[in-house]
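To be precise, the following lines are entry_17.txt, and they hold compact mmCIF, C-alpha atoms and all ligand atoms.
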```txt
# COMPACT_ATOMS: atom_id res chain seq x y z
CA MET A 1 -1.83 -3.81 -9.79
CA THR A 2 -0.01 -4.10 -12.99
CA LYS A 3 1.52 -6.54 -15.40
CA VAL A 4 3.80 -4.86 -17.89
CA HIS A 5 4.86 -6.18 -21.30
CA HIS A 6 7.89 -4.66 -23.03
CA LEU A 7 7.07 -4.68 -26.76
CA ASN A 8 9.13 -3.81 -29.80
CA CYS A 9 6.66 -2.08 -32.13
CA GLY A 10 8.98 -1.19 -34.98
CA SER A 11 12.35 -2.20 -36.33
CA LEU A 12 14.32 0.68 -37.84
CA CYS A 13 17.36 -0.21 -39.95
CA PRO A 14 19.18 2.93 -41.17
CA PHE A 15 22.65 2.59 -42.70
CA GLY A 16 25.69 3.01 -40.47
CA ARG A 17 25.66 0.23 -37.89
CA LEU A 18 28.95 1.36 -36.35
CA TRP A 19 27.74 4.94 -35.96
CA LEU A 20 24.33 3.98 -34.58
CA ASN A 21 24.93 0.84 -32.53
CA GLY A 22 28.60 1.37 -31.67
CA GLU A 23 29.53 -2.03 -33.16
CA GLY A 24 29.88 -3.72 -36.56
CA HIS A 25 30.78 -1.82 -39.73
CA TRP A 26 29.56 1.56 -40.99
CA SER A 27 28.40 0.02 -44.30
CA GLU A 28 26.01 -2.41 -42.55
CA ARG A 29 22.49 -1.49 -41.56
CA GLY A 30 22.00 -0.53 -37.95
CA HIS A 31 19.13 -1.59 -35.74
CA LEU A 32 16.97 0.61 -33.54
CA CYS A 33 13.83 -0.71 -31.84
CA CYS A 34 10.61 1.09 -30.85
CA HIS A 35 10.27 0.15 -27.18
CA CYS A 36 6.62 0.39 -26.08
CA LEU A 37 4.86 -0.74 -22.90
CA LEU A 38 1.59 -2.60 -22.61
CA ILE A 39 0.23 -2.32 -19.06
CA GLU A 40 -2.56 -4.57 -17.82
CA THR A 41 -4.53 -2.67 -15.19
CA ASP A 42 -7.82 -3.30 -13.35
CA HIS A 43 -9.57 -0.91 -15.73
CA GLY A 44 -8.23 -2.12 -19.05
CA LEU A 45 -5.05 -1.90 -21.06
CA VAL A 46 -2.74 1.10 -21.15
CA LEU A 47 -0.27 1.49 -23.98
CA VAL A 48 2.85 3.66 -23.68
CA ASP A 49 3.90 4.83 -27.16
CA THR A 50 2.61 2.98 -30.21
CA GLY A 51 5.59 2.56 -32.55
CA LEU A 52 4.58 2.11 -36.19
CA GLY A 53 1.02 1.11 -37.05
CA ARG A 54 -0.57 -1.08 -39.69
CA ASP A 55 -1.23 1.81 -42.07
CA ASP A 56 2.39 3.02 -41.76
CA LEU A 57 3.55 -0.30 -43.20
CA ARG A 58 0.81 -0.41 -45.86
CA GLN A 59 1.35 3.16 -47.10
CA PRO A 60 4.80 4.19 -45.86
CA TYR A 61 5.32 7.09 -48.27
CA THR A 62 2.02 8.79 -47.42
CA ARG A 63 2.13 8.08 -43.73
CA LEU A 64 5.82 8.57 -42.91
CA GLY A 65 6.95 10.82 -45.76
CA PHE A 66 9.53 9.83 -48.37
CA LEU A 67 12.57 11.24 -46.55
CA SER A 68 11.77 9.69 -43.16
CA TYR A 69 10.91 6.34 -44.75
CA TRP A 70 14.20 6.34 -46.63
CA ALA A 71 16.25 7.50 -43.62
CA LEU A 72 14.66 5.26 -40.95
CA ALA A 73 14.26 2.23 -43.23
CA PRO A 74 11.65 0.41 -41.12
CA GLU A 75 11.30 -3.32 -41.75
CA ASN A 76 7.90 -4.25 -43.16
CA ARG A 77 6.87 -6.61 -40.37
CA PRO A 78 3.15 -6.27 -39.51
CA GLU A 79 3.60 -8.77 -36.65
CA LEU A 80 5.58 -6.09 -34.77
CA THR A 81 2.73 -3.57 -34.69
CA ALA A 82 1.23 -3.01 -31.24
CA ILE A 83 -2.19 -4.15 -32.45
CA ALA A 84 -0.81 -7.47 -33.80
CA GLN A 85 1.05 -8.16 -30.53
CA ILE A 86 -1.96 -7.21 -28.40
CA GLU A 87 -4.21 -9.53 -30.43
CA ALA A 88 -1.62 -12.30 -30.11
CA LEU A 89 -1.91 -11.90 -26.32
CA GLY A 90 -5.65 -12.54 -26.61
CA PHE A 91 -6.89 -8.95 -26.32
CA SER A 92 -8.58 -6.68 -28.85
CA ALA A 93 -8.09 -3.04 -29.87
CA LYS A 94 -11.10 -2.05 -27.75
CA ASP A 95 -9.37 -3.32 -24.60
CA VAL A 96 -6.83 -0.49 -24.94
CA ARG A 97 -8.48 2.29 -22.93
CA HIS A 98 -5.58 4.73 -22.65
CA ILE A 99 -2.52 5.54 -24.72
CA LEU A 100 0.27 7.68 -23.26
CA LEU A 101 2.70 9.17 -25.74
CA THR A 102 6.19 10.39 -24.92
CA HIS A 103 5.82 12.65 -27.96
CA LEU A 104 4.23 12.74 -31.40
CA ASP A 105 7.20 11.89 -33.64
CA LEU A 106 6.16 9.54 -36.43
CA ASP A 107 7.95 6.51 -34.96
CA HIS A 108 6.01 6.86 -31.69
CA ALA A 109 2.50 7.83 -32.81
CA GLY A 110 2.07 5.66 -35.92
CA GLY A 111 -0.12 3.07 -34.20
CA LEU A 112 -2.73 5.53 -32.88
CA ALA A 113 -5.21 4.73 -35.65
CA ASP A 114 -5.18 1.03 -34.71
CA PHE A 115 -6.85 2.02 -31.39
CA PRO A 116 -9.53 4.56 -32.38
CA ASP A 117 -11.45 4.24 -29.08
CA ALA A 118 -8.53 4.93 -26.76
CA GLU A 119 -8.05 8.19 -24.90
CA VAL A 120 -4.66 9.62 -25.92
CA HIS A 121 -2.67 11.39 -23.20
CA ILE A 122 0.03 13.86 -24.11
CA HIS A 123 1.62 17.07 -22.86
CA ARG A 124 -0.26 20.11 -24.16
CA SER A 125 2.86 21.78 -25.54
CA GLU A 126 3.67 18.65 -27.58
CA TRP A 127 0.18 18.58 -29.05
CA LYS A 128 0.42 22.27 -29.93
CA ALA A 129 3.81 21.81 -31.60
CA ALA A 130 2.49 18.91 -33.68
CA MET A 131 -0.75 20.57 -34.75
CA GLN A 132 1.05 23.69 -35.98
CA PRO A 133 4.56 22.45 -36.74
CA SER A 134 7.46 24.85 -37.22
CA LEU A 135 9.67 24.54 -40.31
CA HIS A 136 12.14 22.44 -38.27
CA ASP A 137 9.40 20.07 -37.11
CA ARG A 138 7.44 19.65 -40.33
CA GLY A 139 9.04 16.34 -41.33
CA ARG A 140 8.76 14.62 -37.96
CA TYR A 141 5.04 15.16 -37.29
CA ARG A 142 2.73 13.36 -39.73
CA ALA A 143 -0.88 14.54 -39.71
CA PRO A 144 -2.14 11.36 -41.49
CA GLN A 145 -1.26 9.45 -38.31
CA TRP A 146 -4.00 11.30 -36.39
CA SER A 147 -6.46 12.05 -39.19
CA HIS A 148 -8.94 9.66 -37.47
CA ARG A 149 -9.30 12.35 -34.75
CA PRO A 150 -8.19 10.66 -31.54
CA ARG A 151 -9.75 11.58 -28.20
CA TRP A 152 -6.90 13.75 -26.95
CA SER A 153 -6.36 14.32 -23.26
CA LEU A 154 -3.93 17.24 -22.90
CA HIS A 155 -1.87 17.61 -19.74
CA GLU A 156 0.02 20.54 -18.30
CA THR A 157 2.91 20.64 -15.87
CA GLY A 158 1.73 21.32 -12.32
CA GLY A 159 3.73 21.36 -9.11
CA ASP A 160 3.95 17.63 -8.38
CA GLN A 161 7.33 15.99 -8.00
CA TRP A 162 8.59 12.44 -8.46
CA ARG A 163 12.20 11.55 -7.61
CA GLY A 164 13.16 15.20 -7.98
CA LEU A 165 11.50 15.56 -11.39
CA GLN A 166 8.25 17.29 -12.34
CA SER A 167 5.36 14.83 -12.69
CA ILE A 168 1.75 14.72 -13.86
CA GLN A 169 -0.79 12.03 -12.85
CA ALA A 170 -1.82 10.85 -16.31
CA ILE A 171 -5.05 8.98 -15.59
CA PRO A 172 -6.86 10.68 -12.71
CA GLY A 173 -9.57 8.79 -10.87
CA THR A 174 -7.67 5.48 -10.74
CA ASP A 175 -5.25 3.95 -8.26
CA ASP A 176 -2.71 3.38 -11.01
CA GLN A 177 0.45 5.35 -10.64
CA ILE A 178 1.26 6.22 -14.22
CA LEU A 179 2.95 9.60 -14.56
CA LEU A 180 3.96 11.90 -17.36
CA ILE A 181 7.45 13.24 -16.55
CA PRO A 182 8.18 16.39 -18.59
CA LEU A 183 11.59 15.95 -20.26
CA HIS A 184 11.41 18.60 -22.95
CA GLY A 185 14.19 19.24 -25.43
CA HIS A 186 14.00 16.47 -28.03
CA THR A 187 10.62 17.99 -28.89
CA GLN A 188 8.71 20.90 -27.35
CA GLY A 189 6.56 18.80 -25.05
CA HIS A 190 8.48 15.53 -24.85
CA CYS A 191 7.80 13.53 -21.66
CA GLY A 192 9.01 10.35 -20.02
CA ILE A 193 6.42 7.95 -18.59
CA ALA A 194 6.86 6.53 -15.07
CA VAL A 195 4.90 3.42 -14.08
CA ASN A 196 4.67 1.96 -10.58
CA THR A 197 4.71 -1.84 -10.80
CA ASP A 198 4.71 -4.57 -8.18
CA SER A 199 8.49 -4.77 -8.48
CA GLY A 200 9.42 -1.08 -8.49
CA TRP A 201 9.16 1.83 -10.88
CA LEU A 202 9.75 1.85 -14.62
CA LEU A 203 10.77 5.06 -16.34
CA HIS A 204 10.32 5.06 -20.13
CA ALA A 205 12.46 8.03 -21.14
CA GLY A 206 11.26 8.09 -24.77
CA ASP A 207 13.82 9.95 -26.88
CA ALA A 208 15.32 11.92 -23.97
CA TYR A 209 18.43 9.88 -24.75
CA PHE A 210 19.18 7.25 -27.42
CA HIS A 211 21.92 4.95 -26.14
CA ARG A 212 22.30 3.15 -22.80
CA GLU A 213 25.85 4.44 -22.23
CA GLU A 214 24.53 8.01 -22.15
CA MET A 215 23.18 7.15 -18.70
CA GLN A 216 26.60 6.19 -17.36
CA PHE A 217 29.50 8.17 -15.92
CA PRO A 218 31.28 9.21 -18.12
CA ALA A 219 28.48 9.38 -20.69
CA HIS A 220 29.11 8.02 -24.17
CA CYS A 221 27.01 8.00 -27.34
CA PRO A 222 27.88 6.55 -30.78
CA VAL A 223 28.62 9.41 -33.17
CA GLY A 224 25.66 8.81 -35.52
CA LEU A 225 23.13 8.80 -32.69
CA ASN A 226 24.71 11.92 -31.27
CA VAL A 227 24.36 13.76 -34.59
CA LEU A 228 20.78 12.49 -34.95
CA GLN A 229 19.84 13.80 -31.50
CA ARG A 230 21.30 17.21 -32.26
CA LEU A 231 19.49 17.43 -35.59
CA MET A 232 16.17 16.48 -34.02
CA GLN A 233 16.34 18.57 -30.82
CA THR A 234 14.19 21.66 -30.34
CA ASP A 235 16.03 22.88 -27.21
CA ALA A 236 19.65 21.75 -26.77
CA GLN A 237 20.07 23.16 -23.26
CA ALA A 238 16.89 21.54 -21.93
CA ARG A 239 17.73 18.21 -23.56
CA LEU A 240 21.23 18.06 -22.04
CA HIS A 241 19.96 19.25 -18.65
CA ASN A 242 17.34 16.50 -18.61
CA GLN A 243 19.92 13.91 -19.62
CA ALA A 244 22.04 14.97 -16.64
CA LEU A 245 19.04 14.67 -14.30
CA LEU A 246 18.28 11.19 -15.64
CA ARG A 247 21.92 10.14 -15.24
CA TYR A 248 21.82 11.09 -11.55
CA LEU A 249 18.42 9.48 -11.05
CA ASN A 250 19.75 6.29 -12.62
CA ALA A 251 22.73 6.27 -10.26
CA GLN A 252 20.83 7.16 -7.10
CA HIS A 253 17.54 5.26 -7.29
CA ASP A 254 17.89 1.48 -7.38
CA ASP A 255 14.13 1.06 -7.39
CA VAL A 256 13.74 2.80 -10.78
CA HIS A 257 14.40 0.87 -13.99
CA LEU A 258 15.26 3.41 -16.70
CA PHE A 259 15.26 2.83 -20.46
CA CYS A 260 14.78 4.79 -23.67
CA ALA A 261 12.75 4.08 -26.81
CA HIS A 262 15.33 2.99 -29.34
CA ASP A 263 18.11 0.99 -27.65
CA PRO A 264 17.64 -2.71 -28.53
CA ILE A 265 19.94 -3.88 -25.71
CA GLU A 266 17.87 -2.00 -23.11
CA LEU A 267 14.73 -3.58 -24.60
CA GLN A 268 16.23 -7.05 -24.30
CA GLN A 269 17.31 -6.39 -20.69
CA SER A 270 13.85 -5.06 -19.81
CA GLN A 271 12.15 -8.13 -21.30
CA GLN A 272 14.47 -10.45 -19.37
CA ARG A 273 13.85 -8.51 -16.17
CA ALA A 274 10.07 -8.71 -16.64
CA ALA A 275 10.26 -12.48 -17.25
CA ARG A 276 12.00 -13.11 -13.90
ZN ZN A 301 11.96 8.15 -31.67
```
Target encoding C-alpha cells, full file:
Amino acid sequence: MTKVHHLNCGSLCPFGRLWLNGEGHWSERGHLCCHCLLIETDHGLVLVDTGLGRDDLRQPYTRLGFLSYWALAPENRPELTAIAQIEALGFSAKDVRHILLTHLDLDHAGGLADFPDAEVHIHRSEWKAAMQPSLHDRGRYRAPQWSHRPRWSLHETGGDQWRGLQSIQAIPGTDDQILLIPLHGHTQGHCGIAVNTDSGWLLHAGDAYFHREEMQFPAHCPVGLNVLQRLMQTDAQARLHNQALLRYLNAQHDDVHLFCAHDPIELQQSQQRAAR
C-alpha cells in the first residue's frame, strides 16, 4: 500500500561534536538531523513529523525563540524543508492529507504551517501540554508554529496493543496501518509512529531516544546527548522504561525497523534500506 520516503527536514549544528555525535572534537559543531517520513498512500500523502518549516528559517528568532535558535543552530537551508522536498517530488502542499506528530517540540512541528489543509494527529496529552505549557516546557513549545490554527485530531490511549506496546489507529476508516505508539517521558504525550509497509514495519521513535547505540546491549549514549535528554524530559522513569521496552523490541522483532528523529547515521541507513 505504501511507499515511504525518509526525509531530513532540518540540520541542527550545536557545538560539541564529540559530546553529541560521539566522534570528532568537542570544539567542532555537531550534526543532528530531523528524520521525517513521507508516506504515499491510496488516499493521499501522510507526513510523520515536519522538522523545521519555511517560516522558521525566515524568522528564526520569532518562531524558534532566541535561546533555542542559538542552542540548536539550525542551518538555513530552505531546500531541506518538508514542503520543498515534497514539491521536488512533484507533489503539492494540498496532497498532504494527514500529518502525524511524535510531539510538538519546535524541531518537529515547525513545518505545520506549510500544510494548512492537513489534518494533524497527535496524542491529546501532548496537545494539552503544548497549549498550556508548564514553566519547564515554555521554551520548547512555540505557539507561532500553530498560529494558523491547524485541524487537530486528538487521540487517546485505548486498549490496543502492537508488539507488546500500547497503540492507537491514527487514521480510522482506511486500510493503512499507521499507529501512534504512546512513548511518554520526553514530553507529556510523546508518541512513536509505527507504519506497516510492503517490506515490514517501521517504528519512528521520535525523541524517545537520541542515539542508535542506546538501542543496543549494553546501551551507550554520548554524554552531551544524555544531558540534553535529561534536561528535556518531563518524566524520567517513563522515558527510561520506554527506552528499555524499545531495546527489547529492537532485539526481538526482526520485522520492525526502528529509528529515532535525530541520529544522522540511522537516517542514512533507513534511506539506503528504502532504496533497495
Ligand atoms: Zn527533537
Note to self: So that I can check the surroundings of His103 of chain A, please list as a ChimeraX atom specification every protein, DNA and RNA residue that reaches within 7 Å of it, counting all atoms listed in the file and ignoring chain neighbours fewer than 5 positions away.
What the structure shows: /A:108,126,189-191
Margin query: Using only C-alpha atoms for the distances, tell me which of A:His257, A:Arg29, A:His123, A:Arg142 is nearest to Asp56 of chain A.
Written below: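 Nearest candidate to Asp56 of chain A out of A:His257, A:Arg29, A:His123, A:Arg142: A:Arg142.
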Margin query: Hey, which residues sit close to ligand ZN 301 (chain A)? Say within 7 Å, counting only C-alpha atoms and all ligand atoms, and write them as an MDAnalysis selection string.
Written below: chainID A and resid 105 107:108 206:207 261:262
Notebook entry, point to check: Could you pull the residues within 12 Å of segment 230-243 of chain A, counting only C-alpha atoms, minus those fewer than 4 positions along the same chain, as a ChimeraX atom specification?
Noted result: /A:105,126,129,133-141,164-166,181-192,205-217,219-221,223-226,247-250,258,260
Margin query: Just checking: using only C-alpha atoms, which residue out of A:Cys13, A:Leu18, A:Leu64, A:Leu104 ends up closest to Ser125 of chain A?
Written below: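 The answer is A:Leu104, which sits nearest to Ser125 of chain A.
Interatomic distance, atom CA of Val46 of chain A against atom CA of Ala109 of chain A: 14.4 Å.
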Model the absent atoms of segment 111-131 of chain A so that N, CA and C atoms are present, and write the result as a PDB file, in the frame of the given file.
```pdb
ATOM      1  N   GLY A 111       0.908   4.075 -34.476  1.00  0.00           N
ATOM      2  CA  GLY A 111      -0.120   3.070 -34.200  1.00  0.00           C
ATOM      3  C   GLY A 111      -1.410   3.633 -33.643  1.00  0.00           C
ATOM      4  N   LEU A 112      -1.519   4.946 -33.496  1.00  0.00           N
ATOM      5  CA  LEU A 112      -2.730   5.530 -32.880  1.00  0.00           C
ATOM      6  C   LEU A 112      -4.013   5.073 -33.567  1.00  0.00           C
ATOM      7  N   ALA A 113      -3.982   5.046 -34.905  1.00  0.00           N
ATOM      8  CA  ALA A 113      -5.210   4.730 -35.650  1.00  0.00           C
ATOM      9  C   ALA A 113      -5.671   3.291 -35.454  1.00  0.00           C
ATOM     10  N   ASP A 114      -4.783   2.425 -34.964  1.00  0.00           N
ATOM     11  CA  ASP A 114      -5.180   1.030 -34.710  1.00  0.00           C
ATOM     12  C   ASP A 114      -6.006   0.919 -33.426  1.00  0.00           C
ATOM     13  N   PHE A 115      -6.087   2.023 -32.650  1.00  0.00           N
ATOM     14  CA  PHE A 115      -6.850   2.020 -31.390  1.00  0.00           C
ATOM     15  C   PHE A 115      -7.747   3.257 -31.348  1.00  0.00           C
ATOM     16  N   PRO A 116      -8.756   3.317 -32.227  1.00  0.00           N
ATOM     17  CA  PRO A 116      -9.530   4.560 -32.380  1.00  0.00           C
ATOM     18  C   PRO A 116     -10.361   4.914 -31.141  1.00  0.00           C
ATOM     19  N   ASP A 117     -10.618   3.948 -30.251  1.00  0.00           N
ATOM     20  CA  ASP A 117     -11.450   4.240 -29.080  1.00  0.00           C
ATOM     21  C   ASP A 117     -10.654   4.712 -27.870  1.00  0.00           C
ATOM     22  N   ALA A 118      -9.347   4.622 -27.940  1.00  0.00           N
ATOM     23  CA  ALA A 118      -8.530   4.930 -26.760  1.00  0.00           C
ATOM     24  C   ALA A 118      -8.447   6.441 -26.525  1.00  0.00           C
ATOM     25  N   GLU A 119      -8.317   6.803 -25.245  1.00  0.00           N
ATOM     26  CA  GLU A 119      -8.050   8.190 -24.900  1.00  0.00           C
ATOM     27  C   GLU A 119      -6.526   8.389 -24.978  1.00  0.00           C
ATOM     28  N   VAL A 120      -6.095   9.443 -25.652  1.00  0.00           N
ATOM     29  CA  VAL A 120      -4.660   9.620 -25.920  1.00  0.00           C
ATOM     30  C   VAL A 120      -4.113  10.766 -25.060  1.00  0.00           C
ATOM     31  N   HIS A 121      -3.209  10.422 -24.162  1.00  0.00           N
ATOM     32  CA  HIS A 121      -2.670  11.390 -23.200  1.00  0.00           C
ATOM     33  C   HIS A 121      -1.330  11.914 -23.687  1.00  0.00           C
ATOM     34  N   ILE A 122      -1.194  13.228 -23.610  1.00  0.00           N
ATOM     35  CA  ILE A 122       0.030  13.860 -24.110  1.00  0.00           C
ATOM     36  C   ILE A 122       0.177  15.234 -23.458  1.00  0.00           C
ATOM     37  N   HIS A 123       1.414  15.727 -23.401  1.00  0.00           N
ATOM     38  CA  HIS A 123       1.620  17.070 -22.860  1.00  0.00           C
ATOM     39  C   HIS A 123       1.043  18.096 -23.831  1.00  0.00           C
ATOM     40  N   ARG A 124       0.399  19.116 -23.304  1.00  0.00           N
ATOM     41  CA  ARG A 124      -0.260  20.110 -24.160  1.00  0.00           C
ATOM     42  C   ARG A 124       0.717  20.785 -25.130  1.00  0.00           C
ATOM     43  N   SER A 125       1.931  21.075 -24.655  1.00  0.00           N
ATOM     44  CA  SER A 125       2.860  21.780 -25.540  1.00  0.00           C
ATOM     45  C   SER A 125       3.323  20.887 -26.695  1.00  0.00           C
ATOM     46  N   GLU A 126       3.325  19.564 -26.494  1.00  0.00           N
ATOM     47  CA  GLU A 126       3.670  18.650 -27.580  1.00  0.00           C
ATOM     48  C   GLU A 126       2.552  18.635 -28.630  1.00  0.00           C
ATOM     49  N   TRP A 127       1.334  18.588 -28.142  1.00  0.00           N
ATOM     50  CA  TRP A 127       0.180  18.580 -29.050  1.00  0.00           C
ATOM     51  C   TRP A 127       0.160  19.858 -29.895  1.00  0.00           C
ATOM     52  N   LYS A 128       0.393  20.982 -29.224  1.00  0.00           N
ATOM     53  CA  LYS A 128       0.420  22.270 -29.930  1.00  0.00           C
ATOM     54  C   LYS A 128       1.500  22.283 -31.009  1.00  0.00           C
ATOM     55  N   ALA A 129       2.686  21.803 -30.647  1.00  0.00           N
ATOM     56  CA  ALA A 129       3.810  21.810 -31.600  1.00  0.00           C
ATOM     57  C   ALA A 129       3.498  20.934 -32.810  1.00  0.00           C
ATOM     58  N   ALA A 130       2.784  19.840 -32.577  1.00  0.00           N
ATOM     59  CA  ALA A 130       2.490  18.910 -33.680  1.00  0.00           C
ATOM     60  C   ALA A 130       1.350  19.405 -34.564  1.00  0.00           C
ATOM     61  N   MET A 131       0.402  20.108 -33.962  1.00  0.00           N
ATOM     62  CA  MET A 131      -0.750  20.570 -34.750  1.00  0.00           C
ATOM     63  C   MET A 131      -0.383  21.761 -35.633  1.00  0.00           C
TER      64      MET A 131
END
```
